[in-house]
Every structure is written in C-alpha cells, then in structure tokens.
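Worksheet: the structure to be examined is printed underneath.
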Amino acid sequence: MKIAEDYAEIIMRDEREKIVSETPTVYETDKIERVYEFADGAIVKYEWQNTPDGRTSASGEFNHRFTLITLPKSNPKNFKKGIIKVINYPKS
C-alpha cells in the first residue's frame, strides 16, 4: 500500500482478491461493523452508522469510518494505528 487510506479504498471497491478475510462483528439496523484482514497482515475495522433524523450519534457524527487496528507485518511506509478514512454525512 502506498498510503494507509488504500485499505479503505479496497474495502469500498470490494476488491475480494486483496482481502484475506471479512468478519462481521456488529449487524444492527442502524450500525454495522466488520473487520477486514489483508495479505500483508494489516487489519482494518469498518464501521457504518445511520442517524436518519440527522442528529449526531453517541459515537460521533460519521457515516463510514475505517480504522487501522493492526499494522502490516512489513511496514515500510510507517503507517500508524488509528482512523485512516472517514466519510461524513452530506451537509444539508
């Protein structure tokens, strides 16, 4: 990966050949979480939440969030753990 955000792009494009495993951890009407593992050892948590009335949810206002949980085994770009991409709700 050139940048850590590339993991999020792979998940969003559903490039199955680049994803080793996908594990749902939460599946509710207004919230979904999945954990993705990549061949290089990186693990990324994907979160989606819906606040249909437009209020900020308890965990903060976002629609999609991608968090690097485990660094790749070889980390030449010195990626850091943490949020790598957030897609916010459209502004009204």
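Residues are referred to by chain and number: the chain letter is A, B, ... according to the order shown in the structure tokens, the number counts from 1 in that chain, and ligands are numbered separately from 1 in the order shown.
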Please identify all polymer residues within 7 Å of Lys81 of chain A, counting only C-alpha atoms, omitting same-chain residues fewer than 4 positions from it, and present them as a ChimeraX atom specification. /A:68-71
For the contact check between segment 61-91 of chain A and segment 47-51 of chain A, emit one row per residue of segment 61-91 of chain A within 8 Å, containing the shortest atom pair and the distance in Å rounded to one decimal, counting only C-alpha atoms, chain then rising number order, as CSV.
```
residue,atom,partner,partner_atom,distance
A:Phe62,CA,A:Gln49,CA,7.1
A:Asn63,CA,A:Gln49,CA,5.3
A:His64,CA,A:Trp48,CA,4.6
A:Arg65,CA,A:Glu47,CA,5.1
A:Phe66,CA,A:Glu47,CA,6.5
```
Please produce a file of the residues just selected, as an mmCIF file, in the first residue's frame, where the atoms kept are C-alpha atoms.
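Heads up, here's the output in result14.cif:
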```cif
data_model
loop_
_atom_site.group_PDB
_atom_site.id
_atom_site.type_symbol
_atom_site.label_atom_id
_atom_site.label_comp_id
_atom_site.auth_asym_id
_atom_site.auth_seq_id
_atom_site.Cartn_x
_atom_site.Cartn_y
_atom_site.Cartn_z
ATOM 1 C CA PHE A 62 -19.919 9.913 10.635
ATOM 2 C CA ASN A 63 -21.440 7.601 8.092
ATOM 3 C CA HIS A 64 -18.465 5.353 7.285
ATOM 4 C CA ARG A 65 -15.243 5.041 9.269
ATOM 5 C CA PHE A 66 -12.161 2.893 8.628
#
```
In Å to one decimal, how far is atom CA of Met1 of chain A from atom CA of Thr23 of chain A?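 Separation between atom CA of Thr23 of chain A and atom CA of Met1 of chain A: 21.4 Å.
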Using DSSP secondary structure from the backbone, list all helix (DSSP H, G or I) positions within chain A, as a ChimeraX atom specification. /A:5-13,16-18
So that I can check the surroundings of segment 3-15 of chain A, please list as a PyMOL selection string every protein, DNA and RNA residue that reaches within 10 Å of it, counting only C-alpha atoms and ignoring chain neighbours fewer than 3 positions away. chain A and resi 18-19+22+36-38+42-46+64-68+71-72+77-86
